[in-house]
>>> print(open('work.cif').read())   # mmCIF, C-alpha atoms; chains and numbers go by the auth columns
data_structure
#
loop_
_atom_site.group_PDB
_atom_site.id
_atom_site.type_symbol
_atom_site.label_atom_id
_atom_site.label_comp_id
_atom_site.label_asym_id
_atom_site.label_seq_id
_atom_site.Cartn_x
_atom_site.Cartn_y
_atom_site.Cartn_z
_atom_site.B_iso_or_equiv
_atom_site.auth_seq_id
_atom_site.auth_asym_id
ATOM 1 C CA MET A 1 75.149 116.086 100.869 0.00 1 R
ATOM 2 C CA SER A 2 77.315 113.241 99.709 0.00 2 R
ATOM 3 C CA LYS A 3 79.067 110.723 101.915 0.00 3 R
ATOM 4 C CA ALA A 4 82.410 112.387 101.203 0.00 4 R
ATOM 5 C CA GLY A 5 80.969 115.759 102.239 0.00 5 R
ATOM 6 C CA LEU A 6 79.643 114.225 105.436 0.00 6 R
ATOM 7 C CA LYS A 7 83.036 112.710 106.251 0.00 7 R
ATOM 8 C CA LYS A 8 84.704 116.069 105.666 0.00 8 R
ATOM 9 C CA ALA A 9 82.218 117.860 107.917 0.00 9 R
ATOM 10 C CA LEU A 10 82.589 115.257 110.662 0.00 10 R
ATOM 11 C CA LYS A 11 86.393 115.559 110.628 0.00 11 R
ATOM 12 C CA GLU A 12 86.067 119.231 111.484 0.00 12 R
ATOM 13 C CA ILE A 13 83.996 118.490 114.616 0.00 13 R
ATOM 14 C CA ASP A 14 85.712 117.622 117.886 0.00 14 R
ATOM 15 C CA ARG A 15 84.857 114.576 120.019 0.00 15 R
ATOM 16 C CA GLU A 16 82.300 116.366 122.212 0.00 16 R
ATOM 17 C CA GLY A 17 80.546 117.784 119.158 0.00 17 R
ATOM 18 C CA LEU A 18 80.293 114.323 117.616 0.00 18 R
ATOM 19 C CA ALA A 19 78.864 112.927 120.837 0.00 19 R
ATOM 20 C CA GLU A 20 76.278 115.719 120.875 0.00 20 R
ATOM 21 C CA ILE A 21 75.288 115.083 117.246 0.00 21 R
ATOM 22 C CA ILE A 22 74.929 111.351 117.888 0.00 22 R
ATOM 23 C CA CYS A 23 72.757 112.003 120.954 0.00 23 R
ATOM 24 C CA GLU A 24 70.564 114.402 118.964 0.00 24 R
ATOM 25 C CA LEU A 25 70.225 111.798 116.207 0.00 25 R
ATOM 26 C CA TYR A 26 69.352 109.186 118.849 0.00 26 R
ATOM 27 C CA ASP A 27 66.547 111.399 120.156 0.00 27 R
ATOM 28 C CA ALA A 28 65.284 112.558 116.754 0.00 28 R
ATOM 29 C CA ARG A 29 64.973 109.340 114.731 0.00 29 R
ATOM 30 C CA PRO A 30 63.545 106.027 115.958 0.00 30 R
ATOM 31 C CA GLU A 31 65.482 104.146 113.271 0.00 31 R
ATOM 32 C CA ALA A 32 68.761 105.691 114.452 0.00 32 R
ATOM 33 C CA LYS A 33 67.879 104.884 118.052 0.00 33 R
ATOM 34 C CA GLU A 34 67.216 101.262 117.128 0.00 34 R
ATOM 35 C CA TYR A 35 70.455 101.032 115.137 0.00 35 R
ATOM 36 C CA LEU A 36 72.571 102.548 117.906 0.00 36 R
ATOM 37 C CA GLU A 37 70.986 100.342 120.575 0.00 37 R
ATOM 38 C CA PHE A 38 71.765 97.269 118.477 0.00 38 R
ATOM 39 C CA TRP A 39 75.294 98.535 117.841 0.00 39 R
ATOM 40 C CA ILE A 40 75.864 98.917 121.595 0.00 40 R
ATOM 41 C CA ASN A 41 74.382 95.529 122.510 0.00 41 R
ATOM 42 C CA PRO A 42 74.198 93.233 119.447 0.00 42 R
ATOM 43 C CA ASP A 43 71.794 90.374 120.177 0.00 43 R
ATOM 44 C CA ALA A 44 70.598 89.038 116.822 0.00 44 R
ATOM 45 C CA ASP A 45 68.104 86.526 118.233 0.00 45 R
ATOM 46 C CA LYS A 46 66.420 89.140 120.422 0.00 46 R
ATOM 47 C CA GLU A 47 66.209 91.523 117.468 0.00 47 R
ATOM 48 C CA LEU A 48 64.767 88.783 115.240 0.00 48 R
ATOM 49 C CA ASP A 49 62.059 88.060 117.819 0.00 49 R
ATOM 50 C CA LYS A 50 61.275 91.764 118.088 0.00 50 R
ATOM 51 C CA TYR A 51 60.843 92.081 114.329 0.00 51 R
ATOM 52 C CA LYS A 52 58.741 88.924 114.165 0.00 52 R
ATOM 53 C CA GLN A 53 56.384 90.459 116.726 0.00 53 R
ATOM 54 C CA LYS A 54 56.211 93.703 114.751 0.00 54 R
ATOM 55 C CA ILE A 55 55.354 91.848 111.552 0.00 55 R
ATOM 56 C CA PHE A 56 52.788 89.679 113.347 0.00 56 R
ATOM 57 C CA LYS A 57 51.033 92.864 114.469 0.00 57 R
ATOM 58 C CA ILE A 58 50.839 94.001 110.846 0.00 58 R
ATOM 59 C CA PHE A 59 48.925 90.830 109.887 0.00 59 R
ATOM 60 C CA PHE A 60 46.908 90.207 113.034 0.00 60 R
ATOM 61 C CA ILE A 61 45.271 92.118 115.859 0.00 61 R
ATOM 62 C CA SER A 62 46.568 91.250 119.315 0.00 62 R
ATOM 63 C CA ASP A 63 43.980 88.517 119.928 0.00 63 R
ATOM 64 C CA GLY A 64 44.923 86.659 116.722 0.00 64 R
ATOM 65 C CA LYS A 65 42.117 88.049 114.591 0.00 65 R
ATOM 66 C CA PRO A 66 43.302 88.863 111.058 0.00 66 R
ATOM 67 C CA ARG A 67 43.449 92.498 110.032 0.00 67 R
ATOM 68 C CA LYS A 68 41.445 93.640 107.070 0.00 68 R
ATOM 69 C CA SER A 69 44.465 94.408 104.932 0.00 69 R
ATOM 70 C CA PRO A 70 48.077 94.404 106.081 0.00 70 R
ATOM 71 C CA ALA A 71 50.339 97.186 104.883 0.00 71 R
ATOM 72 C CA PHE A 72 52.927 95.432 102.751 0.00 72 R
ATOM 73 C CA THR A 73 55.061 98.531 102.435 0.00 73 R
ATOM 74 C CA ASP A 74 55.459 98.388 106.237 0.00 74 R
ATOM 75 C CA ILE A 75 56.496 94.745 106.006 0.00 75 R
ATOM 76 C CA LYS A 76 59.115 95.510 103.356 0.00 76 R
ATOM 77 C CA THR A 77 60.352 98.447 105.434 0.00 77 R
ATOM 78 C CA ARG A 78 60.697 96.254 108.517 0.00 78 R
ATOM 79 C CA ILE A 79 62.693 93.667 106.559 0.00 79 R
ATOM 80 C CA LYS A 80 64.888 96.418 105.142 0.00 80 R
ATOM 81 C CA TYR A 81 65.539 97.881 108.622 0.00 81 R
ATOM 82 C CA PHE A 82 66.299 94.439 110.006 0.00 82 R
ATOM 83 C CA ASN A 83 68.714 93.778 107.156 0.00 83 R
ATOM 84 C CA SER A 84 70.401 97.157 107.706 0.00 84 R
ATOM 85 C CA LEU A 85 71.414 96.195 111.227 0.00 85 R
ATOM 86 C CA CYS A 86 74.207 94.111 109.653 0.00 86 R
ATOM 87 C CA ILE A 87 72.780 90.877 110.983 0.00 87 R
ATOM 88 C CA ASP A 88 73.847 87.664 109.324 0.00 88 R
ATOM 89 C CA PRO A 89 71.851 86.677 106.226 0.00 89 R
ATOM 90 C CA GLU A 90 70.479 83.566 107.954 0.00 90 R
ATOM 91 C CA LYS A 91 68.407 85.740 110.288 0.00 91 R
ATOM 92 C CA THR A 92 67.079 87.848 107.418 0.00 92 R
ATOM 93 C CA ALA A 93 66.131 84.732 105.434 0.00 93 R
ATOM 94 C CA ASP A 94 64.387 83.375 108.526 0.00 94 R
ATOM 95 C CA LEU A 95 62.421 86.623 108.847 0.00 95 R
ATOM 96 C CA MET A 96 61.438 86.579 105.170 0.00 96 R
ATOM 97 C CA LEU A 97 60.190 83.000 105.466 0.00 97 R
ATOM 98 C CA TYR A 98 58.311 83.938 108.622 0.00 98 R
ATOM 99 C CA VAL A 99 56.540 86.663 106.642 0.00 99 R
ATOM 100 C CA LEU A 100 55.507 84.093 104.020 0.00 100 R
ATOM 101 C CA GLU A 101 54.228 81.745 106.706 0.00 101 R
ATOM 102 C CA LEU A 102 52.234 84.545 108.328 0.00 102 R
ATOM 103 C CA TYR A 103 50.904 85.547 104.936 0.00 103 R
ATOM 104 C CA HIS A 104 49.697 81.957 104.442 0.00 104 R
ATOM 105 C CA LEU A 105 48.051 81.953 107.856 0.00 105 R
ATOM 106 C CA TRP A 106 46.413 85.331 107.161 0.00 106 R
ATOM 107 C CA LEU A 107 45.154 84.210 103.746 0.00 107 R
ATOM 108 C CA SER A 108 43.740 80.978 105.148 0.00 108 R
ATOM 109 C CA GLU A 109 41.502 83.078 107.397 0.00 109 R
ATOM 110 C CA ARG A 110 40.238 85.229 104.525 0.00 110 R
ATOM 111 C CA ARG A 111 37.437 84.600 102.031 0.00 111 R
ATOM 112 C CA ARG A 112 38.808 86.536 99.072 0.00 112 R
ATOM 113 C CA ILE A 113 42.393 85.563 98.422 0.00 113 R
ATOM 114 C CA MET A 114 42.900 85.392 94.667 0.00 114 R
ATOM 115 C CA SER A 115 43.801 89.074 94.426 0.00 115 R
ATOM 116 C CA HIS A 116 46.901 88.323 96.516 0.00 116 R
ATOM 117 C CA GLU A 117 48.334 85.649 94.238 0.00 117 R
ATOM 118 C CA THR A 118 50.675 87.917 92.262 0.00 118 R
ATOM 119 C CA ARG A 119 51.950 89.578 95.439 0.00 119 R
ATOM 120 C CA VAL A 120 52.648 86.157 96.977 0.00 120 R
ATOM 121 C CA ASP A 121 54.458 84.954 93.855 0.00 121 R
ATOM 122 C CA LYS A 122 56.584 88.091 93.824 0.00 122 R
ATOM 123 C CA PHE A 123 57.464 87.783 97.508 0.00 123 R
ATOM 124 C CA ILE A 124 58.317 84.086 97.103 0.00 124 R
ATOM 125 C CA ALA A 125 60.623 84.987 94.204 0.00 125 R
ATOM 126 C CA GLU A 126 62.319 87.701 96.281 0.00 126 R
ATOM 127 C CA THR A 127 62.798 85.318 99.194 0.00 127 R
ATOM 128 C CA GLU A 128 64.142 82.588 96.943 0.00 128 R
ATOM 129 C CA ALA A 129 66.561 85.013 95.271 0.00 129 R
ATOM 130 C CA TYR A 130 67.797 86.193 98.683 0.00 130 R
ATOM 131 C CA ILE A 131 68.314 82.629 99.887 0.00 131 R
ATOM 132 C CA GLU A 132 70.144 81.661 96.695 0.00 132 R
ATOM 133 C CA SER A 133 72.307 84.788 96.674 0.00 133 R
ATOM 134 C CA HIS A 134 73.570 83.963 100.162 0.00 134 R
ATOM 135 C CA ALA A 135 73.886 80.198 99.508 0.00 135 R
ATOM 136 C CA LEU A 136 71.391 79.244 102.208 0.00 136 R
ATOM 137 C CA GLU A 137 69.470 76.628 100.207 0.00 137 R
ATOM 138 C CA ASP A 138 70.597 73.807 102.486 0.00 138 R
ATOM 139 C CA LEU A 139 69.220 75.601 105.570 0.00 139 R
ATOM 140 C CA PHE A 140 65.995 77.072 104.197 0.00 140 R
ATOM 141 C CA GLY A 141 65.254 75.184 100.979 0.00 141 R
ATOM 142 C CA LEU A 142 62.803 72.691 102.488 0.00 142 R
ATOM 143 C CA ARG A 143 60.995 75.353 104.499 0.00 143 R
ATOM 144 C CA LEU A 144 60.634 77.545 101.408 0.00 144 R
ATOM 145 C CA GLU A 145 59.316 74.643 99.313 0.00 145 R
ATOM 146 C CA ARG A 146 56.828 73.630 102.003 0.00 146 R
ATOM 147 C CA THR A 147 55.546 77.202 102.286 0.00 147 R
ATOM 148 C CA ARG A 148 55.349 77.537 98.505 0.00 148 R
ATOM 149 C CA GLU A 149 53.292 74.341 98.229 0.00 149 R
ATOM 150 C CA GLU A 150 50.954 75.382 101.053 0.00 150 R
ATOM 151 C CA LEU A 151 50.336 78.717 99.340 0.00 151 R
ATOM 152 C CA LYS A 152 49.729 77.005 95.974 0.00 152 R
ATOM 153 C CA ASP A 153 47.180 74.705 97.622 0.00 153 R
ATOM 154 C CA LEU A 154 45.495 77.702 99.154 0.00 154 R
ATOM 155 C CA PHE A 155 45.230 79.441 95.780 0.00 155 R
ATOM 156 C CA ARG A 156 43.933 76.245 94.161 0.00 156 R
ATOM 157 C CA ARG A 157 41.088 76.403 96.661 0.00 157 R
ATOM 158 C CA GLY A 158 40.270 79.880 95.399 0.00 158 R
ATOM 159 C CA ASP A 159 37.922 82.414 96.901 0.00 159 R
ATOM 160 C CA ARG A 160 35.359 81.111 99.330 0.00 160 R
ATOM 161 C CA PRO A 161 31.749 81.909 98.537 0.00 161 R
ATOM 162 C CA SER A 162 30.150 84.775 100.351 0.00 162 R
ATOM 163 C CA ARG A 163 28.020 84.029 103.392 0.00 163 R
ATOM 164 C CA ARG A 164 25.151 85.884 101.839 0.00 164 R
ATOM 165 C CA GLY A 165 22.449 83.592 100.617 0.00 165 R
ATOM 166 C CA TRP A 166 19.106 84.158 99.056 0.00 166 R
ATOM 167 C CA ARG A 167 17.737 85.417 102.382 0.00 167 R
ATOM 168 C CA SER A 168 19.952 88.489 102.395 0.00 168 R
ATOM 169 C CA TRP A 169 18.135 89.810 99.363 0.00 169 R
ATOM 170 C CA TRP A 170 14.638 89.566 100.867 0.00 170 R
#
>>> encode(input="work.cif", output="structure tokens")
Amino acid sequence: MSKAGLKKALKEIDREGLAEIICELYDARPEAKEYLEFWINPDADKELDKYKQKIFKIFFISDGKPRKSPAFTDIKTRIKYFNSLCIDPEKTADLMLYVLELYHLWLSERRRIMSHETRVDKFIAETEAYIESHALEDLFGLRLERTREELKDLFRRGDRPSRRGWRSWW
């Protein structure tokens, strides 16, 4: 169904019917519930903190131990949902930079990191493009450069050697 078809169908429904449909949507979809709750009480800072916690849990277990492999599709989905709440671009850029900083922290705890270099470069490029497209270089330019340099230093270090020594083979 197209958007025009949806508008036409919604015009035919009375006020009580619309309220019922919205309540059903609220109960059926967590994304719709989150959107409607934000629409009723828009607190961008609270929502940003909530999404930062969700993304932290993707990278780390509750006690700060790094997960084996974070699901980057979940991270992109969380950023997309956060952006869809119609929050100002400054908050979205802050969240994207937070993801890069967490990624750096997660990689610094890992032994094998070189396989993540292309993914990091791609995510840095996406973040930089977002910041430039919304003219936020003056607010986030230094933070992005610092994070970029820290990640480059980490990749210059390369993979750490395995803990296995000659004794593991005997």
>>> closest_residue(input="work.cif", among="R:Ser115, R:His104, R:Lys122, R:Ile131", to="Thr147 (chain R)", atoms="all atoms listed in the file")
R:His104
>>> residues_around(input="work.cif", residues="Phe60 (chain R)", least_positions_apart="5", cutoff="12 Å", atoms="all atoms listed in the file", output="ChimeraX atom specification")
/R:52-55,65-71,102-103,105-107,109-110
>>> closest_residue(input="work.cif", among="R:Leu139, R:Ile22, R:Met114, R:Met1", to="Asp153 (chain R)", atoms="only C-alpha atoms")
R:Met114
>>> atom_distance(input="work.cif", atom1="CA of Glu145 (chain R)", atom2="CA of Ala125 (chain R)")
11.6 Å
>>> resolve_selection(input="work.cif", expression="the PyMOL selection byres ((chain R and resi 78-95) around 10)", output="mmCIF file with C-alpha atoms, in the coordinates of the input")
data_model
loop_
_atom_site.group_PDB
_atom_site.id
_atom_site.type_symbol
_atom_site.label_atom_id
_atom_site.label_comp_id
_atom_site.auth_asym_id
_atom_site.auth_seq_id
_atom_site.Cartn_x
_atom_site.Cartn_y
_atom_site.Cartn_z
ATOM 1 C CA GLU R 31 65.482 104.146 113.271
ATOM 2 C CA GLU R 34 67.216 101.262 117.128
ATOM 3 C CA TYR R 35 70.455 101.032 115.137
ATOM 4 C CA LEU R 36 72.571 102.548 117.906
ATOM 5 C CA PHE R 38 71.765 97.269 118.477
ATOM 6 C CA TRP R 39 75.294 98.535 117.841
ATOM 7 C CA PRO R 42 74.198 93.233 119.447
ATOM 8 C CA ASP R 43 71.794 90.374 120.177
ATOM 9 C CA ALA R 44 70.598 89.038 116.822
ATOM 10 C CA ASP R 45 68.104 86.526 118.233
ATOM 11 C CA GLU R 47 66.209 91.523 117.468
ATOM 12 C CA LEU R 48 64.767 88.783 115.240
ATOM 13 C CA ASP R 49 62.059 88.060 117.819
ATOM 14 C CA LYS R 50 61.275 91.764 118.088
ATOM 15 C CA TYR R 51 60.843 92.081 114.329
ATOM 16 C CA LYS R 52 58.741 88.924 114.165
ATOM 17 C CA LYS R 54 56.211 93.703 114.751
ATOM 18 C CA ILE R 55 55.354 91.848 111.552
ATOM 19 C CA PHE R 72 52.927 95.432 102.751
ATOM 20 C CA THR R 73 55.061 98.531 102.435
ATOM 21 C CA ASP R 74 55.459 98.388 106.237
ATOM 22 C CA ILE R 75 56.496 94.745 106.006
ATOM 23 C CA LYS R 76 59.115 95.510 103.356
ATOM 24 C CA THR R 77 60.352 98.447 105.434
ATOM 25 C CA MET R 96 61.438 86.579 105.170
ATOM 26 C CA LEU R 97 60.190 83.000 105.466
ATOM 27 C CA TYR R 98 58.311 83.938 108.622
ATOM 28 C CA VAL R 99 56.540 86.663 106.642
ATOM 29 C CA LEU R 100 55.507 84.093 104.020
ATOM 30 C CA GLU R 101 54.228 81.745 106.706
ATOM 31 C CA THR R 127 62.798 85.318 99.194
ATOM 32 C CA GLU R 128 64.142 82.588 96.943
ATOM 33 C CA TYR R 130 67.797 86.193 98.683
ATOM 34 C CA ILE R 131 68.314 82.629 99.887
ATOM 35 C CA SER R 133 72.307 84.788 96.674
ATOM 36 C CA HIS R 134 73.570 83.963 100.162
ATOM 37 C CA ALA R 135 73.886 80.198 99.508
ATOM 38 C CA LEU R 136 71.391 79.244 102.208
ATOM 39 C CA LEU R 139 69.220 75.601 105.570
ATOM 40 C CA PHE R 140 65.995 77.072 104.197
ATOM 41 C CA ARG R 143 60.995 75.353 104.499
ATOM 42 C CA LEU R 144 60.634 77.545 101.408
#
>>> atom_distance(input="work.cif", atom1="CA of Pro161 (chain R)", atom2="CA of Phe56 (chain R)")
26.9 Å
>>> closest_residue(input="work.cif", among="R:Glu132, R:Ile124, R:Ile40, R:Leu6", to="Arg146 (chain R)", atoms="only C-alpha atoms")
R:Ile124
>>> atom_distance(input="work.cif", atom1="CA of Asp14 (chain R)", atom2="CA of Ser2 (chain R)")
20.5 Å
>>> closest_residue(input="work.cif", among="R:Glu16, R:Glu117, R:Asp27, R:Asp63", to="Arg156 (chain R)", atoms="all atoms listed in the file")
R:Glu117
